[in-house]
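This is entry00.cif. It holds mmCIF, C-alpha atoms; chains and numbers go by the auth columns.
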data_upload
loop_
_atom_site.group_PDB
_atom_site.id
_atom_site.type_symbol
_atom_site.label_atom_id
_atom_site.label_comp_id
_atom_site.label_asym_id
_atom_site.label_seq_id
_atom_site.Cartn_x
_atom_site.Cartn_y
_atom_site.Cartn_z
_atom_site.B_iso_or_equiv
_atom_site.auth_seq_id
_atom_site.auth_asym_id
ATOM 1 C CA MET A 1 0.000 0.000 0.000 0.00 913 A
ATOM 2 C CA ASN A 2 1.397 3.377 -0.941 0.00 914 A
ATOM 3 C CA ILE A 3 0.947 6.728 0.812 0.00 915 A
ATOM 4 C CA PHE A 4 -2.034 7.678 -1.370 0.00 916 A
ATOM 5 C CA ASP A 5 -3.887 4.469 -0.497 0.00 917 A
ATOM 6 C CA THR A 6 -3.188 5.117 3.183 0.00 918 A
ATOM 7 C CA ILE A 7 -4.619 8.631 2.936 0.00 919 A
ATOM 8 C CA LYS A 8 -7.643 7.423 0.957 0.00 920 A
ATOM 9 C CA ASN A 9 -8.372 4.748 3.575 0.00 921 A
ATOM 10 C CA ALA A 10 -8.191 7.328 6.360 0.00 922 A
ATOM 11 C CA ILE A 11 -10.958 9.462 4.859 0.00 923 A
ATOM 12 C CA PRO A 12 -14.545 8.379 5.600 0.00 924 A
ATOM 13 C CA GLN A 13 -16.373 7.551 2.365 0.00 925 A
ATOM 14 C CA SER A 14 -20.019 7.399 3.510 0.00 926 A
ATOM 15 C CA ALA A 15 -22.399 8.594 6.213 0.00 927 A
ATOM 16 C CA VAL A 16 -22.192 5.190 7.914 0.00 928 A
ATOM 17 C CA ASP A 17 -18.394 5.397 7.818 0.00 929 A
ATOM 18 C CA VAL A 18 -18.465 8.842 9.449 0.00 930 A
ATOM 19 C CA PHE A 19 -20.946 7.677 12.103 0.00 931 A
ATOM 20 C CA VAL A 20 -18.918 4.592 13.055 0.00 932 A
ATOM 21 C CA ARG A 21 -15.801 6.721 13.470 0.00 933 A
ATOM 22 C CA THR A 22 -17.609 8.836 16.104 0.00 934 A
ATOM 23 C CA THR A 23 -18.354 5.797 18.273 0.00 935 A
ATOM 24 C CA ASP A 24 -16.363 3.576 20.599 0.00 936 A
ATOM 25 C CA ILE A 25 -16.104 0.181 18.922 0.00 937 A
ATOM 26 C CA ALA A 26 -16.324 -2.068 21.959 0.00 938 A
ATOM 27 C CA SER A 27 -16.276 -5.469 20.277 0.00 939 A
ATOM 28 C CA TYR A 28 -16.136 -7.024 16.850 0.00 940 A
ATOM 29 C CA MET A 29 -16.604 -10.483 15.480 0.00 941 A
ATOM 30 C CA PRO A 30 -17.723 -11.221 11.925 0.00 942 A
ATOM 31 C CA GLY A 31 -21.486 -10.765 11.882 0.00 943 A
ATOM 32 C CA ARG A 32 -21.711 -8.891 15.192 0.00 944 A
ATOM 33 C CA VAL A 33 -20.382 -5.546 16.383 0.00 945 A
ATOM 34 C CA ARG A 34 -21.126 -3.507 19.504 0.00 946 A
ATOM 35 C CA LEU A 35 -20.642 0.244 19.471 0.00 947 A
ATOM 36 C CA TYR A 36 -21.044 2.853 22.193 0.00 948 A
ATOM 37 C CA SER A 37 -21.983 6.459 21.567 0.00 949 A
ATOM 38 C CA LYS A 38 -22.005 9.107 24.286 0.00 950 A
ATOM 39 C CA GLN A 39 -24.341 11.151 22.098 0.00 951 A
ATOM 40 C CA LEU A 40 -26.907 8.335 22.184 0.00 952 A
ATOM 41 C CA VAL A 41 -27.268 8.344 25.983 0.00 953 A
ATOM 42 C CA ASN A 42 -30.773 9.633 26.849 0.00 954 A
ATOM 43 C CA ASN A 43 -31.241 10.810 23.259 0.00 955 A
ATOM 44 C CA ALA A 44 -34.379 9.225 21.801 0.00 956 A
ATOM 45 C CA THR A 45 -34.166 11.455 18.721 0.00 957 A
ATOM 46 C CA LEU A 46 -30.713 10.147 17.822 0.00 958 A
ATOM 47 C CA GLU A 47 -31.828 6.599 18.607 0.00 959 A
ATOM 48 C CA ALA A 48 -34.653 6.937 16.081 0.00 960 A
ATOM 49 C CA GLU A 49 -32.224 8.314 13.489 0.00 961 A
ATOM 50 C CA VAL A 50 -29.736 5.473 14.053 0.00 962 A
ATOM 51 C CA GLN A 51 -32.529 2.909 13.732 0.00 963 A
ATOM 52 C CA ALA A 52 -33.891 4.586 10.595 0.00 964 A
ATOM 53 C CA ARG A 53 -30.555 4.987 8.813 0.00 965 A
ATOM 54 C CA LEU A 54 -29.114 1.575 9.651 0.00 966 A
ATOM 55 C CA GLY A 55 -32.457 -0.179 9.426 0.00 967 A
ATOM 56 C CA VAL A 56 -32.821 0.531 5.702 0.00 968 A
ATOM 57 C CA LEU A 57 -29.547 -1.191 4.853 0.00 969 A
ATOM 58 C CA THR A 58 -30.571 -4.613 3.568 0.00 970 A
ATOM 59 C CA GLU A 59 -27.122 -5.986 4.412 0.00 971 A
ATOM 60 C CA ILE A 60 -27.791 -5.451 8.130 0.00 972 A
ATOM 61 C CA GLU A 61 -30.047 -7.999 9.807 0.00 973 A
ATOM 62 C CA ARG A 62 -30.723 -6.252 13.101 0.00 974 A
ATOM 63 C CA VAL A 63 -29.898 -3.048 14.991 0.00 975 A
ATOM 64 C CA GLU A 64 -30.508 -2.906 18.736 0.00 976 A
ATOM 65 C CA THR A 65 -30.041 0.364 20.600 0.00 977 A
ATOM 66 C CA ASN A 66 -30.090 1.230 24.299 0.00 978 A
ATOM 67 C CA ILE A 67 -30.256 4.916 25.171 0.00 979 A
ATOM 68 C CA GLU A 68 -29.546 4.228 28.844 0.00 980 A
ATOM 69 C CA THR A 69 -26.072 2.930 28.018 0.00 981 A
ATOM 70 C CA GLY A 70 -25.503 4.399 24.538 0.00 982 A
ATOM 71 C CA SER A 71 -25.080 0.886 23.148 0.00 983 A
ATOM 72 C CA ILE A 72 -25.662 -0.106 19.526 0.00 984 A
ATOM 73 C CA LEU A 73 -25.557 -3.804 18.632 0.00 985 A
ATOM 74 C CA ILE A 74 -25.452 -4.566 14.918 0.00 986 A
ATOM 75 C CA THR A 75 -25.820 -8.087 13.525 0.00 987 A
ATOM 76 C CA TYR A 76 -25.338 -9.023 9.892 0.00 988 A
ATOM 77 C CA GLU A 77 -24.400 -11.831 7.538 0.00 989 A
ATOM 78 C CA PRO A 78 -20.701 -11.155 6.782 0.00 990 A
ATOM 79 C CA GLU A 79 -20.677 -12.354 3.156 0.00 991 A
ATOM 80 C CA ARG A 80 -23.777 -10.335 2.318 0.00 992 A
ATOM 81 C CA LEU A 81 -22.413 -7.179 3.934 0.00 993 A
ATOM 82 C CA ARG A 82 -19.027 -7.538 2.228 0.00 994 A
ATOM 83 C CA ALA A 83 -20.704 -7.563 -1.193 0.00 995 A
ATOM 84 C CA ASN A 84 -21.314 -3.837 -0.611 0.00 996 A
ATOM 85 C CA ALA A 85 -17.942 -2.076 -1.050 0.00 997 A
ATOM 86 C CA GLN A 86 -18.826 0.832 1.276 0.00 998 A
ATOM 87 C CA LEU A 87 -20.024 -1.448 4.062 0.00 999 A
ATOM 88 C CA ARG A 88 -17.017 -3.746 3.603 0.00 1000 A
ATOM 89 C CA ARG A 89 -14.820 -0.698 4.192 0.00 1001 A
ATOM 90 C CA VAL A 90 -16.784 0.173 7.349 0.00 1002 A
ATOM 91 C CA GLU A 91 -16.422 -3.418 8.585 0.00 1003 A
ATOM 92 C CA ASP A 92 -12.659 -3.276 7.956 0.00 1004 A
ATOM 93 C CA TYR A 93 -12.468 -0.113 10.049 0.00 1005 A
ATOM 94 C CA MET A 94 -14.475 -1.686 12.876 0.00 1006 A
ATOM 95 C CA ARG A 95 -12.335 -4.837 12.832 0.00 1007 A
ATOM 96 C CA THR A 96 -9.088 -2.884 13.121 0.00 1008 A
ATOM 97 C CA HIS A 97 -10.342 -0.403 15.740 0.00 1009 A
ATOM 98 C CA ALA A 98 -12.382 -2.625 18.063 0.00 1010 A
ATOM 99 C CA ARG A 99 -11.229 -2.880 21.676 0.00 1011 A
ATOM 100 C CA ARG A 100 -12.175 -6.579 21.772 0.00 1012 A
ATOM 101 C CA LYS A 101 -11.945 -8.880 18.787 0.00 1013 A
ATOM 102 C CA ALA A 102 -13.083 -12.450 18.332 0.00 1014 A
ATOM 103 C CA SER A 103 -10.217 -14.878 18.652 0.00 1015 A
#
Kindly return the structure encoded in the file as structure tokens.
Amino acid sequence: MNIFDTIKNAIPQSAVDVFVRTTDIASYMPGRVRLYSKQLVNNATLEAEVQARLGVLTEIERVETNIETGSILITYEPERLRANAQLRRVEDYMRTHARRKAS
């Protein structure tokens, strides 16, 4: 990978990519990721927006949110998600930045 590829990979390419980069990626395993967002705590408006925006993505099976903790649990079928280049990029980011990864 050259310097230009490194720079390109550092720049968010979609709204989902930007959103994920504003969260704490607590855990990742293929098909399941848990995020935490301080902005989501006690924020029903943001919860509705997260559900609406992620819920329309056919590659994502389920989105569970908890505004008491700021938790977002996303489940998906890895092969199906990876067929979408933008979502594959987001998954790559989550995998490399998660605090806990599946072994």
Exercise: region 969-983 of chain A partners within 12 Å, only C-alpha atoms, chain neighbours under 5 positions left out, as a PyMOL selection string:
chain A and resi 928+935-939+943-964+988-1000+1003
Written selection (C-alpha atoms) as an mmCIF file, in the coordinates of the input:
data_model
loop_
_atom_site.group_PDB
_atom_site.id
_atom_site.type_symbol
_atom_site.label_atom_id
_atom_site.label_comp_id
_atom_site.auth_asym_id
_atom_site.auth_seq_id
_atom_site.Cartn_x
_atom_site.Cartn_y
_atom_site.Cartn_z
ATOM 1 C CA VAL A 928 -22.192 5.190 7.914
ATOM 2 C CA THR A 935 -18.354 5.797 18.273
ATOM 3 C CA ASP A 936 -16.363 3.576 20.599
ATOM 4 C CA ILE A 937 -16.104 0.181 18.922
ATOM 5 C CA ALA A 938 -16.324 -2.068 21.959
ATOM 6 C CA SER A 939 -16.276 -5.469 20.277
ATOM 7 C CA GLY A 943 -21.486 -10.765 11.882
ATOM 8 C CA ARG A 944 -21.711 -8.891 15.192
ATOM 9 C CA VAL A 945 -20.382 -5.546 16.383
ATOM 10 C CA ARG A 946 -21.126 -3.507 19.504
ATOM 11 C CA LEU A 947 -20.642 0.244 19.471
ATOM 12 C CA TYR A 948 -21.044 2.853 22.193
ATOM 13 C CA SER A 949 -21.983 6.459 21.567
ATOM 14 C CA LYS A 950 -22.005 9.107 24.286
ATOM 15 C CA GLN A 951 -24.341 11.151 22.098
ATOM 16 C CA LEU A 952 -26.907 8.335 22.184
ATOM 17 C CA VAL A 953 -27.268 8.344 25.983
ATOM 18 C CA ASN A 954 -30.773 9.633 26.849
ATOM 19 C CA ASN A 955 -31.241 10.810 23.259
ATOM 20 C CA ALA A 956 -34.379 9.225 21.801
ATOM 21 C CA THR A 957 -34.166 11.455 18.721
ATOM 22 C CA LEU A 958 -30.713 10.147 17.822
ATOM 23 C CA GLU A 959 -31.828 6.599 18.607
ATOM 24 C CA ALA A 960 -34.653 6.937 16.081
ATOM 25 C CA GLU A 961 -32.224 8.314 13.489
ATOM 26 C CA VAL A 962 -29.736 5.473 14.053
ATOM 27 C CA GLN A 963 -32.529 2.909 13.732
ATOM 28 C CA ALA A 964 -33.891 4.586 10.595
ATOM 29 C CA TYR A 988 -25.338 -9.023 9.892
ATOM 30 C CA GLU A 989 -24.400 -11.831 7.538
ATOM 31 C CA PRO A 990 -20.701 -11.155 6.782
ATOM 32 C CA GLU A 991 -20.677 -12.354 3.156
ATOM 33 C CA ARG A 992 -23.777 -10.335 2.318
ATOM 34 C CA LEU A 993 -22.413 -7.179 3.934
ATOM 35 C CA ARG A 994 -19.027 -7.538 2.228
ATOM 36 C CA ALA A 995 -20.704 -7.563 -1.193
ATOM 37 C CA ASN A 996 -21.314 -3.837 -0.611
ATOM 38 C CA ALA A 997 -17.942 -2.076 -1.050
ATOM 39 C CA GLN A 998 -18.826 0.832 1.276
ATOM 40 C CA LEU A 999 -20.024 -1.448 4.062
ATOM 41 C CA ARG A 1000 -17.017 -3.746 3.603
ATOM 42 C CA GLU A 1003 -16.422 -3.418 8.585
#
What separation in Å, quoted to one decimal, exists between CA of His1009 (chain A) and CA of Val932 (chain A)?
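We find that CA of His1009 (chain A) and CA of Val932 (chain A) lie 10.3 Å from each other.
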Between CA of Gly967 (chain A) and CA of Ala1014 (chain A) - distance in Å to one decimal:
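Going from CA of Ala1014 (chain A) over to CA of Gly967 (chain A) covers 24.6 Å.
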Could you tell me how far CA of Arg965 (chain A) lies from CA of Ile984 (chain A), in Å and to one decimal?
12.8 Å
Please write out, as AutoDock Vina command-line options, where the centre of an axis-aligned box around all listed atoms of region 963-969 of chain A lies and how long its edges are, in Å to one decimal, after adding 8 Å on each side.
--center_x -31.5 --center_y 1.9 --center_z 9.3 --size_x 20.8 --size_y 22.2 --size_z 24.9
Which residues, written as JSON, numbers by chain, have at least one atom at most 8 Å from Lys1013 (chain A), with all atoms listed in the file counted and residues fewer than 5 positions away on the same chain left out?
{"A": [939, 940, 941, 1007]}
